[in-house]
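Q: work.tsv is reproduced in full below (TSV, C-alpha atoms).
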chain	number	residue	atom	x	y	z
A	1	MET	CA	10.43	37.61	-14.13
A	2	ALA	CA	7.26	36.07	-12.75
A	3	LYS	CA	3.96	36.97	-14.40
A	4	ILE	CA	0.61	37.10	-12.61
A	5	VAL	CA	-2.78	37.89	-14.15
A	6	PRO	CA	-6.24	38.78	-12.81
A	7	PHE	CA	-9.27	36.69	-13.78
A	8	LYS	CA	-13.05	36.66	-13.44
A	9	ALA	CA	-13.58	34.21	-10.62
A	10	VAL	CA	-16.77	32.23	-10.10
A	11	ARG	CA	-17.64	32.33	-6.40
A	12	PRO	CA	-20.48	31.38	-4.07
A	13	THR	CA	-22.90	34.12	-3.16
A	14	ARG	CA	-22.08	35.74	0.15
A	15	ASP	CA	-25.00	34.15	1.99
A	16	LYS	CA	-24.09	30.61	0.86
A	17	VAL	CA	-20.29	30.55	0.98
A	18	CYS	CA	-19.99	28.65	4.27
A	19	LEU	CA	-22.32	25.94	2.94
A	20	VAL	CA	-20.74	25.68	-0.51
A	21	THR	CA	-17.01	25.45	0.17
A	22	CYS	CA	-15.51	22.13	1.18
A	23	ARG	CA	-12.24	20.34	1.70
A	24	SER	CA	-10.87	18.23	-1.13
A	25	TYR	CA	-13.17	15.19	-1.28
A	26	GLU	CA	-10.14	12.91	-0.85
A	27	GLU	CA	-9.84	14.23	2.72
A	28	TYR	CA	-13.28	12.96	3.73
A	29	ILE	CA	-13.82	9.50	5.15
A	30	ASN	CA	-16.74	7.68	3.48
A	31	ALA	CA	-19.25	8.32	6.27
A	32	GLU	CA	-18.42	12.02	6.40
A	33	LEU	CA	-18.61	12.34	2.61
A	34	ALA	CA	-21.98	10.60	2.52
A	35	ALA	CA	-23.34	12.84	5.29
A	36	GLN	CA	-22.26	15.99	3.46
A	37	LEU	CA	-23.83	14.81	0.20
A	38	ASP	CA	-27.02	13.61	1.86
A	39	PHE	CA	-27.70	16.61	4.08
A	40	ASN	CA	-26.07	19.64	2.44
A	41	PRO	CA	-27.47	20.23	-1.06
A	42	LEU	CA	-25.27	23.33	-1.48
A	43	SER	CA	-21.92	21.61	-0.89
A	44	PHE	CA	-19.39	21.87	-3.73
A	45	LEU	CA	-18.90	18.14	-3.14
A	46	HIS	CA	-22.01	17.63	-5.27
A	47	ILE	CA	-20.02	19.06	-8.17
A	48	LEU	CA	-16.80	17.19	-7.40
A	49	LYS	CA	-18.59	13.89	-6.83
A	50	PRO	CA	-21.83	13.81	-8.83
A	51	ALA	CA	-23.87	10.59	-8.65
A	52	TYR	CA	-21.39	9.45	-6.01
A	53	THR	CA	-23.21	6.20	-5.23
A	54	ASN	CA	-22.40	4.59	-8.62
A	55	GLN	CA	-19.05	6.15	-9.46
A	56	GLU	CA	-17.36	2.83	-10.16
A	57	THR	CA	-19.70	2.06	-13.05
A	58	VAL	CA	-19.14	5.36	-14.89
A	59	SER	CA	-16.26	6.02	-17.31
A	60	PHE	CA	-13.81	8.78	-16.48
A	61	GLU	CA	-14.95	11.00	-19.37
A	62	LYS	CA	-18.63	10.60	-18.53
A	63	ARG	CA	-17.93	11.31	-14.87
A	64	TYR	CA	-15.99	14.47	-15.73
A	65	ARG	CA	-18.80	15.67	-18.00
A	66	GLN	CA	-21.20	15.10	-15.11
A	67	VAL	CA	-18.97	17.32	-12.99
A	68	HIS	CA	-19.24	20.05	-15.61
A	69	GLN	CA	-23.02	19.69	-15.83
A	70	LYS	CA	-23.43	19.86	-12.06
A	71	TYR	CA	-21.20	22.94	-12.03
A	72	GLU	CA	-23.45	24.58	-14.63
A	73	ASP	CA	-26.48	23.66	-12.51
A	74	PHE	CA	-24.98	25.50	-9.53
A	75	LYS	CA	-24.45	28.58	-11.71
A	76	ASN	CA	-27.97	28.42	-13.13
A	77	GLU	CA	-29.36	28.21	-9.60
A	78	ILE	CA	-27.27	31.28	-8.66
A	79	ILE	CA	-25.40	29.34	-6.01
A	80	LEU	CA	-22.23	30.31	-7.89
A	81	VAL	CA	-21.84	33.67	-9.63
A	82	LYS	CA	-19.11	34.94	-11.96
A	83	ASP	CA	-17.42	38.24	-11.14
A	84	LYS	CA	-18.00	40.95	-13.74
A	85	LYS	CA	-14.44	42.32	-13.78
A	86	PRO	CA	-11.06	40.54	-13.73
A	87	ALA	CA	-9.59	40.66	-10.25
A	88	ILE	CA	-7.02	39.21	-7.97
A	89	TYR	CA	-7.98	38.05	-4.49
A	90	ILE	CA	-6.43	38.06	-1.05
A	91	HIS	CA	-7.28	35.03	1.04
A	92	LYS	CA	-6.60	34.68	4.76
A	93	ILE	CA	-6.95	31.42	6.68
A	94	VAL	CA	-6.85	31.44	10.49
A	95	THR	CA	-6.50	28.02	12.14
A	96	LYS	CA	-6.17	27.15	15.82
A	97	THR	CA	-2.39	27.46	15.60
A	98	HIS	CA	-1.49	29.47	12.48
A	99	SER	CA	-2.56	32.30	10.22
A	100	PHE	CA	-1.90	32.25	6.47
A	101	THR	CA	-2.46	35.10	4.01
A	102	GLY	CA	-1.82	34.89	0.28
A	103	ILE	CA	-2.77	36.20	-3.15
A	104	ILE	CA	-5.00	34.28	-5.56
A	105	ALA	CA	-4.10	35.00	-9.19
A	106	GLY	CA	-3.23	33.32	-12.44
A	107	THR	CA	0.43	32.45	-13.04
A	108	SER	CA	1.98	31.60	-16.39
A	109	VAL	CA	2.29	28.10	-17.88
A	110	ALA	CA	5.16	29.55	-19.93
A	111	ASP	CA	6.93	30.52	-16.69
A	112	TYR	CA	6.59	26.91	-15.53
A	113	CYS	CA	8.01	25.62	-18.81
A	114	ASN	CA	10.90	28.11	-18.58
A	115	ASN	CA	11.69	27.19	-14.95
A	116	VAL	CA	10.69	30.57	-13.55
A	117	ILE	CA	8.14	28.54	-11.59
A	118	LYS	CA	10.25	25.80	-10.00
A	119	LYS	CA	9.35	22.34	-8.74
A	120	HIS	CA	10.85	19.98	-6.16
A	121	GLU	CA	8.61	16.89	-6.36
A	122	ASP	CA	8.37	14.04	-8.84
A	123	ILE	CA	5.10	13.35	-10.61
A	124	ILE	CA	3.16	10.24	-11.59
A	125	ALA	CA	2.32	10.38	-15.31
A	126	PHE	CA	-0.98	8.49	-14.95
A	127	ARG	CA	-2.22	10.88	-12.26
A	128	VAL	CA	-1.24	13.88	-14.39
A	129	ARG	CA	-3.21	12.55	-17.36
A	130	LEU	CA	-6.29	11.98	-15.19
A	131	LEU	CA	-6.09	15.53	-13.82
A	132	LYS	CA	-5.63	16.94	-17.32
A	133	ASP	CA	-8.69	15.08	-18.60
A	134	TYR	CA	-10.65	16.09	-15.51
A	135	MET	CA	-10.03	19.78	-16.16
A	136	LYS	CA	-10.51	19.39	-19.91
A	137	TYR	CA	-14.03	17.99	-19.57
A	138	SER	CA	-15.12	19.80	-16.39
A	139	GLU	CA	-13.79	23.09	-17.83
A	140	PHE	CA	-12.83	24.61	-14.48
A	141	ASN	CA	-10.22	24.50	-11.74
A	142	THR	CA	-10.94	25.22	-8.09
A	143	GLU	CA	-7.76	23.95	-6.40
A	144	PRO	CA	-5.02	26.58	-6.62
A	145	VAL	CA	-1.39	25.53	-6.81
A	146	LEU	CA	0.35	26.71	-3.65
A	147	MET	CA	3.42	28.75	-4.65
A	148	THR	CA	5.86	30.71	-2.52
A	149	TYR	CA	7.59	33.95	-3.34
A	150	PRO	CA	10.57	35.52	-1.49
A	151	ASP	CA	9.69	37.60	1.53
A	152	ASN	CA	8.80	41.09	0.29
A	153	LYS	CA	8.07	43.94	2.70
A	154	THR	CA	6.31	45.97	-0.01
A	155	ILE	CA	3.83	43.17	-0.75
A	156	GLU	CA	3.44	42.48	2.97
A	157	ASN	CA	2.50	46.11	3.66
A	158	TRP	CA	0.09	46.17	0.73
A	159	ILE	CA	-1.64	43.01	1.93
A	160	PHE	CA	-1.88	44.43	5.45
A	161	ASN	CA	-3.55	47.61	4.18
A	162	CYS	CA	-5.98	45.66	1.95
A	163	THR	CA	-7.01	43.38	4.80
A	164	GLN	CA	-7.94	46.28	7.07
A	165	LYS	CA	-11.07	46.72	4.94
A	166	LEU	CA	-14.26	44.72	5.31
A	167	ALA	CA	-13.79	41.32	3.66
A	168	ASP	CA	-16.04	40.18	0.80
A	169	PHE	CA	-16.29	36.82	2.57
A	170	GLU	CA	-15.84	35.91	6.22
A	171	PHE	CA	-16.90	32.46	7.40
A	172	SER	CA	-16.00	29.61	9.73
A	173	THR	CA	-15.69	25.88	9.02
A	174	THR	CA	-16.40	22.77	11.05
A	175	LYS	CA	-12.61	22.42	11.44
A	176	LYS	CA	-12.73	25.68	13.44
A	177	GLU	CA	-10.92	27.66	10.75
A	178	ILE	CA	-11.89	31.22	9.84
A	179	HIS	CA	-11.62	32.23	6.17
A	180	TYR	CA	-11.53	35.74	4.72
A	181	LEU	CA	-11.53	36.83	1.08
A	182	TRP	CA	-10.94	40.30	-0.38
A	183	LYS	CA	-11.47	41.11	-4.06
A	184	ILE	CA	-9.00	43.55	-5.68
A	185	GLU	CA	-10.29	44.79	-9.03
A	186	ASP	CA	-8.76	48.26	-9.34
A	187	THR	CA	-6.72	48.21	-12.57
A	188	LEU	CA	-3.96	50.51	-11.31
A	189	GLU	CA	-3.55	48.42	-8.15
A	190	ILE	CA	-3.37	45.20	-10.15
A	191	ASN	CA	-0.83	46.69	-12.56
A	192	TRP	CA	1.30	47.81	-9.60
A	193	LEU	CA	1.26	44.30	-8.12
A	194	GLN	CA	2.10	42.74	-11.49
A	195	ASN	CA	5.14	45.02	-11.74
A	196	ILE	CA	6.28	43.91	-8.28
A	197	PHE	CA	6.08	40.23	-9.28
A	198	GLU	CA	7.87	40.92	-12.57
A	199	LYS	CA	10.89	41.82	-10.45
A	200	THR	CA	10.73	38.38	-8.78
A	201	ASP	CA	13.15	35.91	-10.34
A	202	SER	CA	11.40	32.69	-9.27
A	203	LEU	CA	8.27	31.25	-7.74
A	204	TYR	CA	8.44	27.87	-6.00
A	205	ILE	CA	5.70	25.24	-6.07
A	206	ALA	CA	5.01	24.19	-2.50
A	207	ASP	CA	1.98	21.99	-3.18
A	208	GLY	CA	0.25	21.09	-6.46
A	209	HIS	CA	2.96	19.62	-8.69
A	210	HIS	CA	0.60	17.20	-10.46
A	211	ARG	CA	-1.97	19.92	-11.09
A	212	THR	CA	0.68	22.23	-12.54
A	213	GLU	CA	1.95	19.57	-14.93
A	214	ALA	CA	-1.63	18.70	-15.93
A	215	LEU	CA	-2.31	22.35	-16.76
A	216	LYS	CA	0.86	22.40	-18.86
A	217	LEU	CA	-0.49	19.43	-20.88
A	218	LEU	CA	-3.88	21.12	-21.19
A	219	SER	CA	-2.22	24.26	-22.50
A	220	GLU	CA	-0.23	22.27	-25.06
A	221	GLU	CA	-3.44	20.64	-26.34
A	222	ASN	CA	-5.24	23.97	-26.64
A	223	ASP	CA	-5.96	24.62	-30.34
A	224	ASP	CA	-8.07	27.73	-29.72
A	225	PRO	CA	-5.89	30.87	-29.85
A	226	GLU	CA	-8.78	32.88	-28.40
A	227	ASN	CA	-8.74	30.77	-25.22
A	228	THR	CA	-5.96	32.27	-23.12
A	229	ALA	CA	-7.38	30.89	-19.85
A	230	LYS	CA	-5.55	27.61	-20.48
A	231	ASN	CA	-2.24	29.47	-20.55
A	232	HIS	CA	-2.48	30.24	-16.85
A	233	ILE	CA	-2.43	28.35	-13.57
A	234	LEU	CA	-4.82	29.15	-10.73
A	235	SER	CA	-2.35	29.90	-7.94
A	236	TYR	CA	-2.28	30.81	-4.27
A	237	LEU	CA	0.87	32.91	-3.83
A	238	ILE	CA	2.19	33.13	-0.31
A	239	SER	CA	5.35	34.53	1.26
A	240	GLU	CA	7.87	31.78	1.93
A	241	ASN	CA	7.98	32.66	5.63
A	242	ASN	CA	4.21	32.09	5.90
A	243	VAL	CA	4.02	28.43	4.89
A	244	LYS	CA	3.99	25.66	7.49
A	245	ILE	CA	5.97	22.53	6.65
A	246	TYR	CA	5.37	19.25	8.44
A	247	GLU	CA	7.26	16.01	8.06
A	248	PHE	CA	5.87	12.67	6.95
A	249	ASN	CA	6.76	9.91	9.41
A	250	ARG	CA	7.40	6.36	8.21
A	251	LEU	CA	5.67	3.16	9.36
A	252	VAL	CA	7.12	-0.19	8.28
A	253	LYS	CA	5.40	-3.56	8.60
A	254	ASP	CA	8.42	-5.76	9.40
A	255	LEU	CA	12.18	-5.79	10.10
A	256	ASN	CA	13.07	-7.67	6.89
A	257	GLY	CA	13.92	-10.84	8.84
A	258	PHE	CA	16.14	-9.14	11.44
A	259	THR	CA	15.68	-9.68	15.14
A	260	LYS	CA	15.30	-6.54	17.22
A	261	GLU	CA	18.83	-6.95	18.60
A	262	ASP	CA	20.44	-7.47	15.18
A	263	PHE	CA	18.50	-4.56	13.72
A	264	LEU	CA	19.74	-2.22	16.46
A	265	LYS	CA	23.32	-3.39	15.80
A	266	GLU	CA	22.92	-2.56	12.11
A	267	LEU	CA	21.71	0.92	12.99
A	268	GLU	CA	24.78	1.56	15.15
A	269	ASN	CA	26.99	1.49	12.05
A	270	ASN	CA	25.66	4.93	11.07
A	271	PHE	CA	23.77	6.23	14.12
A	272	ILE	CA	24.24	6.85	17.80
A	273	VAL	CA	21.28	4.90	19.20
A	274	THR	CA	19.88	5.98	22.57
A	275	ASN	CA	17.09	4.15	24.39
A	276	LYS	CA	14.38	6.59	25.50
A	277	PHE	CA	12.26	3.79	27.03
A	278	GLN	CA	8.55	4.76	27.26
A	279	GLN	CA	9.15	8.51	26.89
A	280	PRO	CA	7.68	9.66	23.53
A	281	PHE	CA	10.53	11.10	21.51
A	282	GLN	CA	10.48	13.60	18.68
A	283	PRO	CA	13.68	14.88	16.97
A	284	SER	CA	14.60	18.50	17.66
A	285	GLN	CA	17.16	19.06	14.90
A	286	LYS	CA	18.34	17.87	11.50
A	287	HIS	CA	20.04	14.48	11.23
A	288	GLN	CA	18.27	13.28	14.35
A	289	PHE	CA	15.47	10.71	14.11
A	290	GLY	CA	12.95	9.21	16.45
A	291	MET	CA	12.16	5.51	16.30
A	292	TYR	CA	9.52	3.35	17.97
A	293	LEU	CA	10.07	-0.40	18.16
A	294	ASP	CA	8.78	-3.06	20.56
A	295	ASN	CA	7.10	-0.63	22.99
A	296	THR	CA	10.25	1.49	23.19
A	297	PHE	CA	11.24	4.89	21.81
A	298	TYR	CA	14.78	5.52	20.56
A	299	SER	CA	16.81	8.52	19.48
A	300	LEU	CA	18.98	8.06	16.37
A	301	ILE	CA	21.67	10.66	15.69
A	302	LEU	CA	23.66	10.41	12.49
A	303	ARG	CA	27.34	9.80	13.25
A	304	LYS	CA	29.74	12.53	12.15
A	305	GLU	CA	31.75	10.09	10.06
A	306	SER	CA	28.60	9.28	8.07
A	307	GLU	CA	27.98	12.94	7.16
A	308	VAL	CA	29.42	12.96	3.65
A	309	PHE	CA	27.06	14.85	1.35
A	310	ASP	CA	27.71	15.77	-2.28
A	311	THR	CA	24.32	17.37	-2.99
A	312	VAL	CA	21.54	19.14	-1.11
A	313	LEU	CA	19.40	16.04	-1.72
A	314	GLU	CA	21.80	13.75	0.13
A	315	CYS	CA	21.68	15.86	3.31
A	316	LEU	CA	17.86	15.73	3.53
A	317	ASP	CA	16.72	13.70	6.52
A	318	ALA	CA	14.20	11.77	4.40
A	319	GLN	CA	16.98	10.80	1.98
A	320	ILE	CA	19.38	9.90	4.82
A	321	LEU	CA	16.80	7.57	6.34
A	322	TYR	CA	16.23	5.99	2.95
A	323	LYS	CA	19.92	5.54	2.12
A	324	LYS	CA	21.05	4.41	5.58
A	325	VAL	CA	18.08	2.39	6.84
A	326	LEU	CA	15.08	1.79	4.60
A	327	LEU	CA	17.00	0.60	1.53
A	328	PRO	CA	20.08	-1.25	2.87
A	329	ILE	CA	18.58	-2.76	6.04
A	330	LEU	CA	14.83	-3.02	5.47
A	331	ALA	CA	15.10	-3.60	1.67
A	332	ILE	CA	12.50	-0.96	0.82
A	333	GLU	CA	13.53	0.26	-2.61
A	334	ASP	CA	10.38	1.91	-3.95
A	335	LEU	CA	9.16	4.45	-1.40
A	336	ARG	CA	6.04	5.21	-3.42
A	337	ASN	CA	4.77	1.71	-4.20
A	338	ASP	CA	6.20	-0.74	-1.64
A	339	GLU	CA	3.25	-2.08	0.37
A	340	ARG	CA	5.43	-2.58	3.46
A	341	ILE	CA	5.72	1.15	4.13
A	342	GLU	CA	3.10	3.79	4.90
A	343	TYR	CA	3.25	7.44	5.90
A	344	LEU	CA	1.75	9.55	8.64
A	345	SER	CA	1.64	13.34	8.52
A	346	GLY	CA	3.59	15.13	11.22
A	347	LYS	CA	0.41	17.10	11.95
A	348	GLN	CA	-0.61	14.07	13.97
A	349	SER	CA	0.89	13.38	17.38
A	350	VAL	CA	3.91	11.11	17.70
A	351	LEU	CA	1.64	9.00	19.89
A	352	GLU	CA	-0.30	8.11	16.73
A	353	VAL	CA	2.87	6.39	15.47
A	354	LYS	CA	3.00	4.45	18.73
A	355	ASN	CA	-0.69	3.53	18.58
A	356	LYS	CA	-0.51	2.17	15.02
A	357	ILE	CA	2.48	-0.02	15.90
A	358	ASP	CA	0.99	-1.19	19.20
A	359	GLN	CA	-2.12	-2.29	17.27
A	360	GLY	CA	0.08	-4.75	15.36
A	361	GLU	CA	-0.26	-3.61	11.76
A	362	PHE	CA	3.28	-2.19	11.73
A	363	GLU	CA	6.44	-3.27	13.52
A	364	ILE	CA	8.53	-0.10	13.49
A	365	GLY	CA	8.09	3.63	13.05
A	366	PHE	CA	10.52	6.45	12.21
A	367	ILE	CA	9.86	10.04	13.25
A	368	LEU	CA	11.56	12.77	11.20
A	369	PHE	CA	12.47	16.41	11.72
A	370	PRO	CA	10.58	18.58	9.20
A	371	SER	CA	12.32	20.09	6.19
A	372	ASN	CA	12.42	23.87	5.77
A	373	ILE	CA	11.70	26.21	2.89
A	374	GLY	CA	15.43	26.76	2.31
A	375	GLU	CA	15.93	23.07	1.57
A	376	ILE	CA	12.96	23.04	-0.80
A	377	LYS	CA	14.28	26.06	-2.69
A	378	ALA	CA	17.81	24.67	-2.88
A	379	LEU	CA	16.48	21.41	-4.34
A	380	ALA	CA	14.34	23.25	-6.88
A	381	ASP	CA	17.22	25.55	-7.87
A	382	ALA	CA	19.42	22.49	-8.44
A	383	ASN	CA	16.69	20.70	-10.44
A	384	LEU	CA	16.62	17.92	-7.85
A	385	ILE	CA	13.59	15.98	-6.61
A	386	MET	CA	12.63	15.25	-3.00
A	387	PRO	CA	11.96	11.64	-1.96
A	388	PRO	CA	8.22	10.79	-2.01
A	389	LYS	CA	6.22	11.85	1.03
A	390	SER	CA	8.86	14.22	2.42
A	391	THR	CA	6.65	17.20	3.24
A	392	TYR	CA	3.08	18.02	4.19
A	393	ILE	CA	2.64	21.73	3.56
A	394	GLU	CA	-0.05	24.12	4.74
A	395	PRO	CA	-2.20	26.08	4.04
A	396	LYS	CA	-4.72	23.83	2.33
A	397	PHE	CA	-7.29	25.56	0.14
A	398	ARG	CA	-11.04	24.88	0.19
A	399	SER	CA	-12.73	23.81	-3.03
A	400	GLY	CA	-15.51	26.03	-4.32
A	401	LEU	CA	-14.29	29.26	-2.76
A	402	VAL	CA	-12.75	30.56	-5.99
A	403	VAL	CA	-13.31	28.84	-9.35
A	404	TYR	CA	-11.14	29.51	-12.40
A	405	GLU	CA	-12.95	28.71	-15.65
A	406	LEU	CA	-10.95	27.09	-18.43
Could I get this file's structure written as C-alpha cells?

A:
Amino acid sequence: MAKIVPFKAVRPTRDKVCLVTCRSYEEYINAELAAQLDFNPLSFLHILKPAYTNQETVSFEKRYRQVHQKYEDFKNEIILVKDKKPAIYIHKIVTKTHSFTGIIAGTSVADYCNNVIKKHEDIIAFRVRLLKDYMKYSEFNTEPVLMTYPDNKTIENWIFNCTQKLADFEFSTTKKEIHYLWKIEDTLEINWLQNIFEKTDSLYIADGHHRTEALKLLSEENDDPENTAKNHILSYLISENNVKIYEFNRLVKDLNGFTKEDFLKELENNFIVTNKFQQPFQPSQKHQFGMYLDNTFYSLILRKESEVFDTVLECLDAQILYKKVLLPILAIEDLRNDERIEYLSGKQSVLEVKNKIDQGEFEIGFILFPSNIGEIKALADANLIMPPKSTYIEPKFRSGLVVYEL
C-alpha cells in the first residue's frame, strides 16, 4: 500500500515562473551559469548557488544557511509564494520528442524503509550525508524524486480530465520545452486519489536514489514530533510507460596493453565481432553492442554459449559488458572511480562517441542498448543493484517550480 499526501507548495508567482525556474545547477557549464546569475536576478540559481564567486572558501554549513537565507529573501520579495491549502499537482513536460505527465505529491519515508518504495541503484554515503545536511540547513526540497507506478487506466483518465482545464502555469524554456502545472486542492478529489494509490503494492524509484536516502536520514534525525514534513519525500509520480530510459555509453582511455588485433581476438571468445567499417553503428536489441576503435565501428553480439544467467542482474547489457570485457580484458574493476573510464548519455548521438575518440582522449568506445522499465522493476523486486551509470532517465524536473518546505 503506497501512501501519498498533499502539501502546501511554495511556487513562483504566475508572472515570474519562466524566469525563476531553472535546471539543476550541475547541468550548467560555468559560462552559462555565470550568465544566468549575472543577468537574471529572478533565477532560482541565486538560491541554489548564493555568493557563487567564492564558494570554495565557504564551509558547507555556512553555504547551506546562505541558501536558506536567499530562499527567504525570495519569499519576502514575493517572488515565491506559499499555497494556502494543501494540494497535489499535475505537471506536464513537452519536449521536442516526448511528452511526460505526472503527479507531484509527498510519499512516505516509512514506505521507503518498508520496501514499498523500491530502489535499484547503489548510493555513495558521502553524497547522501551532504544532501541530508543541505536539506537540513536550507529547510526545503525542490527536486522531486522520480517514481513510477504501474500503468493505471483510472489514474490516466483522471489526469486527462484534469489537464483539459486551464493550467495554473504554462511556460517555455530555452531548451524549447513547454511546462504546464495544475493545482488540485479539492479534498474529496485528493482522498479519492490517495485511495487509488493505497491499492498500489509498490512504487519504483527511477531517479533520485541519493535524495531519497538523504530524506530517510533527515527523518531519523527529526526530534520534533510536530514536524511531519520530514516524514515525506517530495515525489514526481509517473506511469511506468511514460518514462524514457536512455543508456550510458562507455569511453575507455586505453586497451590495457593489448594491440588492436589481440584485443579483437579476446572479444571473439564471447562475441561475434562484425566490422561495420565507417558506418556508425548502434545496437538494435539486447545482448548486442556497438564498438568504435581505430576509426572503425564494430557490432558485438553475445554468443549463445555465453548466455548463462543466474539472476536478472547478470543478463543486463551493462553487467555483461563489465563481466565479459571491461573487467577481464581492460582491467577496469571499479566502474564508479576508475579514471580510465567515462560515460556518455545515450541522449547524445553515437557520433559523439566517435568524435571523443577521434580527438585522442579515449581509445575505445562501447555503445549499449538501453534497459527497459521491466528490467529495473525486476532488479528492485529482487533487491539487486544496477551497475553504476546504467540508465539516464527522463523526465528531468526544473528547480524552483514546486518547493517542499521541511

Q: Find, counting all atoms listed in the file, the residue in A:Gln348, A:Gln278, A:Thr21, A:Thr200 that gets nearest to Ser172 in chain A.

A: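 Closest candidate: A:Thr21.
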
Q: May I ask for the distance between CA of Gly374 in chain A and CA of Thr154 in chain A, given in Å to one decimal place?

A: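 Separation between CA of Gly374 in chain A and CA of Thr154 in chain A: 21.4 Å.
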
Q: Counting only C-alpha atoms, which residue out of A:Ile123, A:Leu313, A:Val67, A:Ile196 sits closest to Glu139 in chain A?

A: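 So, comparing all the options, the nearest one is A:Val67.
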
Q: Need to verify the contact set: Leu264 in chain A, 12 Å, all atoms listed in the file, exclusion of same-chain residues closer than 5 positions in sequence. Can you return it as a ChimeraX atom specification?

A: /A:255,258-259,269-275,291-294,298-300,325,329,364

Q: Between CA of Asp151 in chain A and CA of Ile93 in chain A, what is the spacing in Å?

A: 18.5 Å

Q: Could you tell me which of A:Leu316, A:Ile301, A:Leu218, A:Val308 comes closest to Leu131 in chain A if we count all atoms listed in the file?

A: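 The closest residue to Leu131 in chain A is A:Leu218.
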
Q: Using all atoms listed in the file, determine which residues lie at most 9 Å from Asp83 in chain A, disregarding the query and same-chain residues fewer than 3 positions distant; provide the list as a list of chain:residue names.

A: A:Phe7, A:Lys8, A:Ala9, A:Val10, A:Arg11, A:Pro86, A:Ala87

Q: Would you compute the distance between CA of Leu146 in chain A and CA of Thr13 in chain A? Give it in Å to one decimal.

A: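 Separation of CA of Leu146 in chain A and CA of Thr13 in chain A: 24.4 Å.
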
Q: Quick one: of A:Glu339, A:Glu240, A:Ser43, A:Ala105, who's nearest to Glu156 in chain A, counting all atoms listed in the file?

A: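 Selected residue with least distance to Glu156 in chain A: A:Glu240.
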
Q: For Thr95 in chain A, which residue among A:Asn161, A:Thr173, A:Ser219, A:Ser108 is the nearest when counting all atoms listed in the file?

A: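 The answer is A:Thr173, which sits nearest to Thr95 in chain A.
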
Q: Around (19.5, -5.8, 5.9) in the file's frame, which residues reach within 12 Å when counting all atoms listed in the file? Return as a JSON list (two decimals) with C-alpha atoms, in the coordinates of the input?

A:
[["chain", "number", "residue", "atom", "x", "y", "z"],
["A", 254, "ASP", "CA", 8.42, -5.76, 9.40],
["A", 255, "LEU", "CA", 12.18, -5.79, 10.10],
["A", 256, "ASN", "CA", 13.07, -7.67, 6.89],
["A", 257, "GLY", "CA", 13.92, -10.84, 8.84],
["A", 258, "PHE", "CA", 16.14, -9.14, 11.44],
["A", 259, "THR", "CA", 15.68, -9.68, 15.14],
["A", 262, "ASP", "CA", 20.44, -7.47, 15.18],
["A", 263, "PHE", "CA", 18.50, -4.56, 13.72],
["A", 264, "LEU", "CA", 19.74, -2.22, 16.46],
["A", 265, "LYS", "CA", 23.32, -3.39, 15.80],
["A", 266, "GLU", "CA", 22.92, -2.56, 12.11],
["A", 267, "LEU", "CA", 21.71, 0.92, 12.99],
["A", 323, "LYS", "CA", 19.92, 5.54, 2.12],
["A", 324, "LYS", "CA", 21.05, 4.41, 5.58],
["A", 325, "VAL", "CA", 18.08, 2.39, 6.84],
["A", 326, "LEU", "CA", 15.08, 1.79, 4.60],
["A", 327, "LEU", "CA", 17.00, 0.60, 1.53],
["A", 328, "PRO", "CA", 20.08, -1.25, 2.87],
["A", 329, "ILE", "CA", 18.58, -2.76, 6.04],
["A", 330, "LEU", "CA", 14.83, -3.02, 5.47],
["A", 331, "ALA", "CA", 15.10, -3.60, 1.67],
["A", 332, "ILE", "CA", 12.50, -0.96, 0.82]]

Q: Taking all atoms listed in the file into account, which of A:Leu181, A:Leu188, A:Ala125, A:Leu33 comes nearest Gly102 in chain A?

A: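 Looking at the shortest contact to Gly102 in chain A, the residue is A:Leu181.
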
Q: Return as lines of an AutoDock Vina configuration file the centre and edge lengths, in Å with one decimal, of the box along x, y and z that encloses every atom of range 296-308 of chain A in the file, padded by 3 Å per side.

A:
center_x = 21.0
center_y = 7.2
center_z = 13.4
size_x = 27.5
size_y = 17.5
size_z = 25.5
